[in-house]
file start_6.cif (mmCIF, C-alpha atoms and all ligand atoms)
data_work
#
loop_
_atom_site.label_atom_id
_atom_site.label_comp_id
_atom_site.auth_asym_id
_atom_site.auth_seq_id
_atom_site.Cartn_x
_atom_site.Cartn_y
_atom_site.Cartn_z
CA MET A 2 36.52 99.83 105.20
CA SER A 3 38.94 97.35 106.68
CA THR A 4 37.88 94.29 104.68
CA PHE A 5 39.15 93.35 101.20
CA GLY A 6 38.09 90.48 98.94
CA SER A 7 34.91 88.52 98.20
CA LEU A 8 35.59 84.80 98.68
CA PHE A 9 39.08 85.16 100.13
CA ARG A 10 38.25 87.88 102.60
CA VAL A 11 40.82 89.72 104.67
CA THR A 12 39.94 92.02 107.55
CA THR A 13 42.80 93.86 109.23
CA TYR A 14 42.71 95.56 112.63
CA GLY A 15 44.98 97.67 114.79
CA GLU A 16 46.58 101.08 115.14
CA SER A 17 50.24 102.06 115.33
CA HIS A 18 50.37 102.24 119.15
CA CYS A 19 47.63 99.85 120.31
CA ALA A 20 48.25 96.44 121.90
CA SER A 21 48.43 94.43 118.68
CA VAL A 22 47.72 94.46 114.97
CA GLY A 23 46.56 91.58 112.82
CA ALA A 24 43.96 90.04 110.56
CA ILE A 25 41.06 87.67 110.23
CA ILE A 26 41.26 85.72 106.98
CA ASP A 27 38.03 84.09 105.91
CA GLY A 28 37.68 81.75 102.94
CA CYS A 29 41.03 79.98 103.04
CA PRO A 30 40.47 76.46 101.68
CA PRO A 31 40.56 73.72 104.34
CA GLY A 32 43.38 71.19 104.26
CA LEU A 33 46.24 73.57 103.45
CA GLU A 34 49.42 72.81 105.36
CA LEU A 35 50.36 76.05 107.07
CA SER A 36 52.60 77.03 109.97
CA ALA A 37 53.46 80.32 111.65
CA ALA A 38 56.89 80.08 109.99
CA ASP A 39 55.27 80.27 106.53
CA VAL A 40 53.72 83.59 107.49
CA GLN A 41 56.73 84.85 109.45
CA VAL A 42 59.02 84.85 106.40
CA GLN A 43 57.13 87.67 104.75
CA LEU A 44 56.46 89.55 108.02
CA SER A 45 60.19 89.60 108.68
CA ARG A 46 60.81 91.06 105.22
CA ARG A 47 58.30 93.82 106.04
CA ARG A 48 59.34 94.56 109.61
CA PRO A 49 61.00 97.84 110.61
CA GLY A 50 64.63 98.06 111.68
CA GLN A 51 65.95 95.77 108.92
CA SER A 52 68.76 98.10 107.84
CA ASN A 53 69.93 101.70 108.13
CA LEU A 54 67.61 102.49 105.21
CA THR A 55 64.46 101.91 107.26
CA THR A 56 62.92 103.23 110.46
CA PRO A 57 64.83 102.13 113.58
CA ARG A 58 61.55 101.25 115.36
CA ASP A 59 62.52 97.81 116.61
CA GLU A 60 59.61 95.45 116.24
CA LYS A 61 60.18 91.72 115.90
CA ASP A 62 56.71 91.31 114.43
CA LEU A 63 56.35 87.73 115.57
CA VAL A 64 53.05 86.25 114.44
CA HIS A 65 50.73 84.41 116.84
CA ILE A 66 48.14 82.19 115.22
CA GLN A 67 44.86 82.51 117.08
CA SER A 68 42.48 80.27 115.16
CA GLY A 69 41.65 78.39 111.99
CA ILE A 70 44.72 76.10 112.00
CA GLU A 71 45.22 72.86 113.92
CA GLN A 72 48.24 70.61 113.83
CA GLY A 73 49.63 72.63 110.95
CA VAL A 74 46.57 72.33 108.70
CA THR A 75 43.90 74.93 107.89
CA LEU A 76 40.38 74.06 109.03
CA GLY A 77 38.53 76.23 106.51
CA THR A 78 37.35 78.41 109.38
CA PRO A 79 38.48 82.04 109.89
CA ILE A 80 42.21 82.29 110.52
CA GLY A 81 43.05 84.82 113.23
CA LEU A 82 46.59 86.24 113.27
CA LEU A 83 48.04 88.60 115.86
CA VAL A 84 51.29 90.58 116.08
CA LYS A 85 52.07 92.57 119.23
CA ASN A 86 53.09 96.23 119.09
CA GLU A 87 56.09 96.28 121.39
CA ASP A 88 58.45 99.15 120.66
CA GLN A 89 56.09 102.11 120.99
CA ARG A 90 57.11 105.61 121.98
CA PRO A 91 53.92 107.67 122.01
CA LYS A 92 55.78 110.63 123.57
CA ASP A 93 57.67 111.08 120.30
CA TYR A 94 54.45 112.38 118.87
CA SER A 95 53.68 115.22 121.31
CA GLU A 96 54.20 117.91 118.63
CA THR A 97 51.50 116.36 116.54
CA ASP A 98 48.97 117.07 119.31
CA LEU A 99 49.25 120.64 118.06
CA TYR A 100 50.18 120.15 114.42
CA PRO A 101 48.63 117.85 111.86
CA ARG A 102 51.62 116.48 109.93
CA PRO A 103 51.66 117.94 106.40
CA SER A 104 50.67 115.27 103.85
CA HIS A 105 50.09 112.65 106.55
CA ALA A 106 46.61 111.49 107.55
CA ASP A 107 46.24 113.27 110.93
CA TYR A 108 43.97 116.04 109.64
CA THR A 109 41.81 113.91 107.35
CA TYR A 110 41.25 111.18 110.00
CA LEU A 111 40.27 113.80 112.58
CA THR A 112 37.97 115.53 110.10
CA LYS A 113 36.31 112.29 109.07
CA TYR A 114 35.80 110.63 112.45
CA GLY A 115 35.83 113.68 114.75
CA ILE A 116 38.28 111.75 116.92
CA LYS A 117 41.66 110.16 116.29
CA ALA A 118 44.25 107.88 117.90
CA SER A 119 46.19 109.81 120.53
CA SER A 120 49.62 109.16 119.02
CA GLY A 121 51.31 107.98 115.82
CA GLY A 122 49.44 107.49 112.58
CA GLY A 123 46.79 105.32 114.25
CA ARG A 124 45.06 103.29 111.61
CA SER A 125 46.87 105.11 108.78
CA SER A 126 50.21 103.78 110.02
CA ALA A 127 51.99 101.16 107.94
CA ARG A 128 51.64 98.88 111.02
CA GLU A 129 48.22 98.11 109.56
CA THR A 130 49.87 96.36 106.60
CA ILE A 131 51.09 93.56 108.89
CA GLY A 132 47.64 91.95 108.61
CA ARG A 133 47.80 92.18 104.82
CA VAL A 134 51.26 90.64 104.63
CA ALA A 135 50.20 87.76 106.86
CA ALA A 136 47.08 87.14 104.77
CA GLY A 137 49.07 87.38 101.55
CA ALA A 138 51.54 84.78 102.79
CA ILE A 139 48.66 82.34 103.33
CA ALA A 140 47.18 83.03 99.89
CA GLU A 141 50.59 82.60 98.31
CA ARG A 142 51.11 79.24 99.91
CA TYR A 143 47.95 77.92 98.26
CA LEU A 144 48.68 79.60 94.93
CA LYS A 145 52.21 78.23 94.77
CA GLN A 146 51.25 74.72 95.82
CA VAL A 147 48.20 74.31 93.59
CA TYR A 148 49.03 76.48 90.55
CA GLY A 149 52.77 77.11 90.74
CA ILE A 150 52.03 80.85 90.86
CA GLU A 151 55.03 83.03 91.72
CA ILE A 152 54.87 86.65 92.82
CA VAL A 153 58.02 88.75 93.01
CA ALA A 154 58.23 92.50 93.58
CA PHE A 155 61.34 94.65 93.51
CA VAL A 156 62.37 98.27 93.82
CA SER A 157 62.60 99.84 90.37
CA SER A 158 63.39 103.43 91.35
CA VAL A 159 64.27 105.68 94.26
CA GLY A 160 63.88 109.38 93.61
CA LYS A 161 65.27 109.98 90.12
CA ILE A 162 67.45 106.88 90.18
CA HIS A 163 65.89 104.18 88.01
CA LEU A 164 66.91 100.71 86.98
CA PRO A 165 68.80 101.23 83.69
CA ALA A 166 66.52 101.57 80.66
CA HIS A 167 67.73 98.33 79.09
CA VAL A 168 66.75 96.48 82.25
CA ALA A 169 63.59 98.06 83.50
CA THR A 170 61.72 100.40 81.23
CA PRO A 171 59.75 99.74 78.08
CA SER A 172 61.83 100.62 74.99
CA ILE A 173 59.00 102.53 73.46
CA ALA A 174 60.40 105.91 72.58
CA PRO A 175 64.01 105.33 71.62
CA ASN A 176 64.39 108.88 70.40
CA GLY A 177 63.18 110.53 73.55
CA ASN A 178 60.47 113.05 72.94
CA GLN A 179 60.47 112.83 69.14
CA ASP A 180 57.12 112.10 67.60
CA ASN A 181 58.00 108.80 65.96
CA ASP A 182 56.20 105.50 65.97
CA GLU A 183 59.28 103.37 66.50
CA ALA A 184 58.77 100.48 68.84
CA GLU A 185 60.01 96.95 69.04
CA ASP A 186 58.25 95.57 72.05
CA ALA A 187 56.80 96.86 75.28
CA LEU A 188 59.64 95.12 76.98
CA THR A 189 63.29 95.00 76.19
CA PRO A 190 64.64 91.45 76.10
CA GLU A 191 66.54 92.20 79.32
CA PHE A 192 63.42 93.37 81.14
CA ARG A 193 61.43 90.38 79.88
CA HIS A 194 64.19 88.13 81.14
CA LEU A 195 64.16 89.92 84.49
CA LEU A 196 60.39 89.46 84.84
CA ALA A 197 60.60 85.82 83.82
CA THR A 198 63.42 84.88 86.17
CA ILE A 199 63.66 87.27 89.13
CA THR A 200 63.46 85.60 92.54
CA ARG A 201 62.99 86.94 96.05
CA GLU A 202 66.45 85.72 96.96
CA GLU A 203 67.92 87.95 94.24
CA VAL A 204 65.77 90.87 95.34
CA ASP A 205 66.87 90.47 98.96
CA LYS A 206 70.57 90.45 98.13
CA HIS A 207 70.64 94.21 98.63
CA PRO A 208 68.87 96.13 101.42
CA THR A 209 67.23 98.46 98.87
CA ARG A 210 65.58 95.40 97.24
CA CYS A 211 66.70 96.64 93.83
CA PRO A 212 68.00 93.65 91.84
CA HIS A 213 70.56 95.67 89.83
CA LEU A 214 73.45 96.05 92.22
CA GLU A 215 75.08 99.17 90.74
CA THR A 216 71.74 100.95 90.76
CA ALA A 217 71.04 99.64 94.25
CA GLU A 218 74.21 101.31 95.52
CA LEU A 219 73.14 104.63 93.99
CA MET A 220 69.73 104.21 95.60
CA THR A 221 71.35 103.59 98.97
CA LYS A 222 73.28 106.83 98.67
CA ARG A 223 70.10 108.68 97.71
CA ILE A 224 68.20 107.34 100.72
CA ILE A 225 71.09 108.10 103.09
CA ARG A 226 71.27 111.63 101.66
CA ALA A 227 67.56 112.12 102.43
CA LYS A 228 68.02 110.69 105.92
CA GLU A 229 71.00 112.90 106.73
CA ALA A 230 69.08 115.96 105.57
CA SER A 231 66.20 114.96 107.93
CA ASP A 232 64.19 114.53 104.74
CA SER A 233 62.59 111.64 102.82
CA ILE A 234 62.36 110.33 99.26
CA GLY A 235 59.89 108.28 97.21
CA GLY A 236 60.25 105.49 94.66
CA THR A 237 58.56 102.79 92.63
CA VAL A 238 58.01 99.06 93.07
CA THR A 239 57.53 96.74 90.10
CA CYS A 240 55.77 93.40 90.58
CA VAL A 241 55.44 90.33 88.37
CA ILE A 242 52.97 87.47 88.84
CA ARG A 243 53.88 84.33 86.90
CA ASN A 244 51.83 81.24 85.99
CA VAL A 245 48.41 82.79 86.56
CA PRO A 246 45.80 80.83 84.61
CA ALA A 247 43.85 82.58 81.88
CA GLY A 248 40.29 83.56 82.76
CA LEU A 249 40.60 85.42 86.08
CA GLY A 250 38.91 88.80 86.60
CA GLU A 251 35.26 89.81 86.77
CA PRO A 252 34.30 92.33 84.09
CA VAL A 253 33.10 94.93 84.07
CA PHE A 254 33.56 96.69 87.40
CA ASP A 255 35.85 94.08 88.91
CA LYS A 256 38.25 93.75 85.98
CA PHE A 257 41.47 92.11 87.09
CA GLU A 258 43.53 95.28 86.70
CA ALA A 259 40.85 97.26 88.54
CA LYS A 260 41.15 94.87 91.47
CA LEU A 261 44.93 95.11 91.36
CA ALA A 262 44.77 98.90 91.26
CA HIS A 263 42.34 98.91 94.18
CA ALA A 264 44.58 96.61 96.17
CA MET A 265 47.78 98.51 95.41
CA LEU A 266 46.39 102.01 95.89
CA SER A 267 45.07 100.97 99.30
CA ILE A 268 48.68 100.59 100.51
CA PRO A 269 49.77 103.68 102.48
CA ALA A 270 51.85 106.26 100.57
CA THR A 271 50.88 105.03 97.08
CA LYS A 272 50.33 107.67 94.44
CA ALA A 273 50.41 105.84 91.10
CA PHE A 274 49.63 102.51 89.46
CA GLU A 275 50.27 101.32 85.92
CA VAL A 276 49.92 97.90 84.35
CA GLY A 277 51.71 96.48 81.30
CA SER A 278 52.94 99.21 78.98
CA GLY A 279 51.19 101.77 81.21
CA PHE A 280 51.51 105.43 80.33
CA LYS A 281 54.34 104.69 77.90
CA GLY A 282 51.96 102.52 75.89
CA THR A 283 50.00 105.62 74.91
CA GLU A 284 52.90 106.78 72.77
CA VAL A 285 52.84 104.13 70.04
CA PRO A 286 50.16 103.13 67.50
CA GLY A 287 48.05 100.01 67.78
CA SER A 288 50.04 98.32 65.01
CA LYS A 289 53.02 98.30 67.36
CA HIS A 290 51.16 98.01 70.66
CA ASN A 291 49.05 94.93 69.85
CA ASP A 292 50.17 91.56 71.21
CA PRO A 293 49.90 89.03 68.33
CA PHE A 294 48.75 85.54 69.19
CA VAL A 295 51.10 82.58 68.78
CA LEU A 296 50.99 78.93 69.71
CA LYS A 297 53.03 78.39 72.88
CA ASP A 298 53.45 74.96 74.40
CA GLY A 299 50.32 73.82 72.54
CA LYS A 300 48.25 76.76 73.83
CA LEU A 301 47.42 80.20 72.51
CA GLY A 302 49.72 82.85 73.95
CA THR A 303 51.08 86.19 72.80
CA SER A 304 54.49 86.94 71.30
CA THR A 305 54.73 90.33 73.04
CA ASN A 306 53.18 91.43 76.30
CA TRP A 307 52.27 95.11 76.17
CA SER A 308 49.01 94.14 77.86
CA GLY A 309 50.78 92.99 81.02
CA GLY A 310 48.89 89.70 81.00
CA ILE A 311 45.39 91.19 81.17
CA GLN A 312 42.92 91.86 78.34
CA GLY A 313 39.30 92.90 78.77
CA GLY A 314 39.87 92.76 82.50
CA ILE A 315 40.61 89.02 82.26
CA THR A 316 44.00 87.33 82.65
CA ASN A 317 45.34 85.81 79.40
CA GLY A 318 47.95 83.47 80.86
CA GLU A 319 50.96 85.73 80.19
CA ASP A 320 53.03 87.24 83.00
CA ILE A 321 51.13 89.96 84.84
CA PHE A 322 53.30 92.94 85.65
CA PHE A 323 52.61 96.36 87.10
CA ARG A 324 54.31 99.27 88.81
CA ILE A 325 53.35 101.33 91.85
CA GLY A 326 54.56 104.80 92.77
CA PHE A 327 55.19 105.56 96.46
CA LYS A 328 55.51 109.13 97.66
CA SER A 329 58.26 110.48 99.90
CA PRO A 330 57.11 109.74 103.48
CA ALA A 331 55.41 112.69 105.11
CA THR A 332 57.02 112.64 108.55
CA ILE A 333 60.36 114.43 108.40
CA SER A 334 62.33 115.95 111.24
CA GLN A 335 63.41 118.91 109.11
CA PRO A 336 61.46 121.98 110.31
CA GLN A 337 58.44 122.67 108.09
CA TYR A 338 56.44 125.86 108.11
CA THR A 339 52.79 124.87 108.42
CA ALA A 340 49.77 125.47 110.65
CA GLN A 341 48.40 124.02 113.88
CA TYR A 342 44.94 122.42 114.09
CA ASP A 343 43.51 125.81 115.10
CA GLY A 344 45.13 127.54 112.11
CA THR A 345 47.99 129.20 114.04
CA PRO A 346 51.01 129.28 111.72
CA GLY A 347 54.18 127.70 113.05
CA THR A 348 57.04 125.33 112.48
CA LEU A 349 56.83 121.58 112.94
CA ALA A 350 59.97 119.49 113.29
CA ALA A 351 58.57 116.01 113.81
CA ARG A 352 60.31 113.60 116.18
CA GLY A 353 59.83 109.87 116.18
CA ARG A 354 61.36 107.10 114.12
CA HIS A 355 60.43 107.12 110.50
CA ASP A 356 61.29 105.56 107.18
CA PRO A 357 63.32 107.92 104.97
CA CYS A 358 62.01 105.88 102.00
CA VAL A 359 59.27 103.26 102.12
CA VAL A 360 59.92 101.22 98.96
CA PRO A 361 62.31 98.57 100.36
CA ARG A 362 59.72 97.67 103.00
CA ALA A 363 56.80 98.06 100.58
CA VAL A 364 58.01 95.11 98.46
CA PRO A 365 56.43 92.33 100.61
CA ILE A 366 53.27 94.42 101.04
CA VAL A 367 52.86 94.68 97.26
CA GLU A 368 53.43 90.93 96.93
CA ALA A 369 50.84 90.26 99.63
CA MET A 370 48.14 92.41 98.04
CA ALA A 371 48.86 90.79 94.67
CA ALA A 372 48.46 87.32 96.23
CA ILE A 373 45.18 88.30 97.88
CA VAL A 374 43.78 89.56 94.56
CA VAL A 375 44.83 86.44 92.62
CA MET A 376 43.50 84.13 95.34
CA ASP A 377 40.14 85.88 95.49
CA GLN A 378 39.74 85.95 91.72
CA LEU A 379 40.72 82.27 91.45
CA LEU A 380 38.12 81.22 94.00
CA ILE A 381 35.48 83.25 92.16
CA GLN A 382 36.33 81.78 88.75
CA ASN A 383 36.55 78.26 90.13
CA ALA A 384 33.10 78.66 91.70
CA ARG A 385 31.71 79.73 88.32
CA LYS A 386 33.39 76.85 86.51
CA THR A 387 32.19 74.31 89.05
CA ALA A 388 28.63 75.61 88.74
CA ALA A 389 28.81 75.47 84.92
CA SER A 390 30.33 71.99 84.92
CA LEU A 391 27.24 70.60 86.66
CA LEU A 392 25.06 71.52 83.66
CA PRO A 393 24.61 69.08 80.75
CA PRO A 394 26.83 69.92 77.74
CA ILE A 395 25.19 72.09 75.09
CA THR A 396 25.62 70.65 71.62
CA THR A 397 23.41 73.04 69.66
CA LEU A 398 25.73 76.05 69.57
CA PRO A 399 27.70 77.11 66.49
CA PRO A 400 31.45 76.42 66.82
CA THR A 401 32.25 80.17 66.90
CA MET A 402 30.60 80.34 70.30
CA VAL A 403 32.59 77.71 72.15
CA MET A 404 36.23 77.22 73.05
CA PRO A 405 37.72 75.33 70.06
CA SER A 406 40.46 73.52 71.93
CA LYS A 407 41.78 73.26 75.43
CA GLY A 408 43.04 76.68 76.54
CA LYS A 409 44.73 77.30 79.84
CA GLU A 410 42.17 75.87 82.20
CA VAL A 411 41.60 77.52 85.54
CA SER A 412 40.91 74.38 87.47
CA GLN A 413 43.62 71.80 87.75
C1 LIG F 501 56.19 100.29 104.58
C2 LIG F 501 55.71 101.68 104.83
C3 LIG F 501 56.33 102.43 105.81
C4 LIG F 501 55.92 103.75 106.06
N1 LIG F 501 56.59 104.48 106.99
C5 LIG F 501 56.25 105.78 107.17
C6 LIG F 501 56.97 106.59 108.09
O1 LIG F 501 57.90 106.13 108.74
N2 LIG F 501 56.61 107.88 108.23
C7 LIG F 501 55.56 108.43 107.51
O2 LIG F 501 55.26 109.59 107.65
N3 LIG F 501 54.86 107.66 106.63
C8 LIG F 501 55.18 106.38 106.45
N4 LIG F 501 54.46 105.62 105.58
C9 LIG F 501 53.36 106.23 104.83
C10 LIG F 501 52.17 106.63 105.68
O3 LIG F 501 51.61 105.52 106.32
C11 LIG F 501 51.16 107.33 104.78
O4 LIG F 501 51.77 108.25 103.96
C12 LIG F 501 50.11 108.04 105.56
O5 LIG F 501 49.29 107.11 106.20
C13 LIG F 501 49.22 108.92 104.70
O6 LIG F 501 48.53 108.17 103.78
P1 LIG F 501 48.69 108.37 102.21
O7 LIG F 501 50.14 108.67 101.97
O8 LIG F 501 48.28 107.08 101.63
O9 LIG F 501 47.84 109.53 101.82
C14 LIG F 501 54.84 104.31 105.32
C15 LIG F 501 54.21 103.53 104.35
C16 LIG F 501 54.64 102.23 104.09
C17 LIG F 501 53.98 101.43 103.01
#
call {"tool": "encode", "arguments": {"input": "start_6.cif", "output": "structure tokens"}}
result
Amino acid sequence: MSTFGSLFRVTTYGESHCASVGAIIDGCPPGLELSAADVQVQLSRRRPGQSNLTTPRDEKDLVHIQSGIEQGVTLGTPIGLLVKNEDQRPKDYSETDLYPRPSHADYTYLTKYGIKASSGGGRSSARETIGRVAAGAIAERYLKQVYGIEIVAFVSSVGKIHLPAHVATPSIAPNGNQDNDEAEDALTPEFRHLLATITREEVDKHPTRCPHLETAELMTKRIIRAKEASDSIGGTVTCVIRNVPAGLGEPVFDKFEAKLAHAMLSIPATKAFEVGSGFKGTEVPGSKHNDPFVLKDGKLGTSTNWSGGIQGGITNGEDIFFRIGFKSPATISQPQYTAQYDGTPGTLAARGRHDPCVVPRAVPIVEAMAAIVVMDQLLIQNARKTAASLLPPITTLPPTMVMPSKGKEVSQ
């Protein structure tokens, strides 16, 4: 469906070539100072036509606030946000009247609904993510102001070009495929430093949004190579969320990482999600993989962070980090041998303006979905804590059953 979240609830609307796209955001706390400019920053990072690495579709993606905000302050009522679709060229899609694009959503949408938008990807288009990015920007504003929460995503690979191992990948199997149990930490010191310090300004220094400039240049060449061959290429985005209080996440079905995975895998073109040590973490024994507890700033923390900040589906106060795999975009102008809707074999060479690689533009979308998840889970946990705080204290329980000292509290 088109709604995500329980207490912070985001509904997006719009197709690639309709009049406008946008969102209704319900559950934003009243009294938050918020302007269109706060939302526009992230929409402008998402918009097409930012560089020669993205689709040339020229949309300004200017946000129009429709409701829920007066004199720069949220009212607590649904916030309506609208962005006009302006640079549409439906004629570019005439071939796809005959051919469903291989690995796009034309065939599955038509099969499911028995009807589909007459041009473009319709609802499956990444235009839909505008509503998410706008909603995420609102959530982020609250999270930053009240909890100091920071969310930064960056491009960690394009095709086979990855951030160097000492910067971006867990140093788990130093001897390649050998069956040894060597491991120092899920994270190299350099990668930990990167997660702890990376900023959006650093990410945006290069159009690829890869924070390692030498690698970013290689990525650029790889994307240009795909573009010049009328082809496309995939990649990964890594995201870190800092300063999230311990205690968020709703076991068992709504574990924090399950919510994150749901949010991330709902972004178009995603194919993979891993959190913390991820698949690499399966290669070392528990004695190496466990995160020992230590006292940090007077609170219990962990000395390593293989868990990626989540244990038992609940945040533990450490940095939350995860990685998402994006496929090579489906629409390519290189001729592809395929079949028409009626099964007639033939060759499709798609026209239209398309992204040769989606990851640079996916960065703000990943950040937005992360913000929406954290915001929703915070409101849920705060509701529980408020309800519990109204009860008289229980003094009859053994000490093993209650929190011994102040941990990281969720409410301020
Ligand atoms: C930022 C972004 C831009 C995208 N641009 C394109 C594009 O130009 N051409 C294309 O075929 N797919 C593009 N996609 C992916 C499609 O929307 C997606 O592959 C399609 O809807 C099929 O859905 P699925 O890949 O999730 O199965 C983009 C995705 C994102 C996140």
call {"tool": "residues_near_ligand", "arguments": {"input": "start_6.cif", "ligand": "ligand LIG 501 (chain F)", "cutoff": "6 Å", "atoms": "all atoms listed in the file", "output": "ChimeraX atom specification"}}
result
/A:105-106,125-127,268-271,330-332,355-356,359,362-363
call {"tool": "atom_distance", "arguments": {"input": "start_6.cif", "atom1": "atom CA of Glu34 of chain A", "atom2": "atom CA of Ala371 of chain A"}}
result
20.9 Å
call {"tool": "closest_residue", "arguments": {"input": "start_6.cif", "among": "A:Ala197, A:Ile325, A:Val42, A:Ala369", "to": "Ser158 of chain A", "atoms": "all atoms listed in the file"}}
result
A:Ile325
call {"tool": "atom_distance", "arguments": {"input": "start_6.cif", "atom1": "atom CA of Leu164 of chain A", "atom2": "atom CA of Ile311 of chain A"}}
result
24.2 Å
call {"tool": "atom_distance", "arguments": {"input": "start_6.cif", "atom1": "atom CA of Val367 of chain A", "atom2": "atom CA of Ile131 of chain A"}}
result
11.8 Å
call {"tool": "axis_aligned_box", "arguments": {"input": "start_6.cif", "around": "segment 367-370 of chain A", "padding_each_side": "4 Å", "output": "JSON"}}
result
{"center_x": 50.8, "center_y": 92.5, "center_z": 98.3, "size_x": 13.3, "size_y": 12.4, "size_z": 10.7}
call {"tool": "residues_around", "arguments": {"input": "start_6.cif", "residues": "Pro361 of chain A", "least_positions_apart": "5", "cutoff": "9 Å", "atoms": "only C-alpha atoms", "output": "mmCIF file with C-alpha atoms, in the coordinates of the input"}}
result
data_model
loop_
_atom_site.group_PDB
_atom_site.id
_atom_site.type_symbol
_atom_site.label_atom_id
_atom_site.label_comp_id
_atom_site.auth_asym_id
_atom_site.auth_seq_id
_atom_site.Cartn_x
_atom_site.Cartn_y
_atom_site.Cartn_z
ATOM 1 C CA ARG A 47 58.300 93.820 106.040
ATOM 2 C CA LEU A 54 67.610 102.490 105.210
ATOM 3 C CA THR A 55 64.460 101.910 107.260
ATOM 4 C CA PHE A 155 61.340 94.650 93.510
ATOM 5 C CA VAL A 156 62.370 98.270 93.820
ATOM 6 C CA PRO A 208 68.870 96.130 101.420
ATOM 7 C CA THR A 209 67.230 98.460 98.870
ATOM 8 C CA ARG A 210 65.580 95.400 97.240
ATOM 9 C CA CYS A 211 66.700 96.640 93.830
ATOM 10 C CA VAL A 238 58.010 99.060 93.070
#
call {"tool": "residues_around", "arguments": {"input": "start_6.cif", "residues": "Ala20 of chain A", "least_positions_apart": "6", "cutoff": "9 Å", "atoms": "only C-alpha atoms", "output": "list of chain:residue names"}}
result
A:Val84, A:Lys85, A:Asn86, A:Glu87
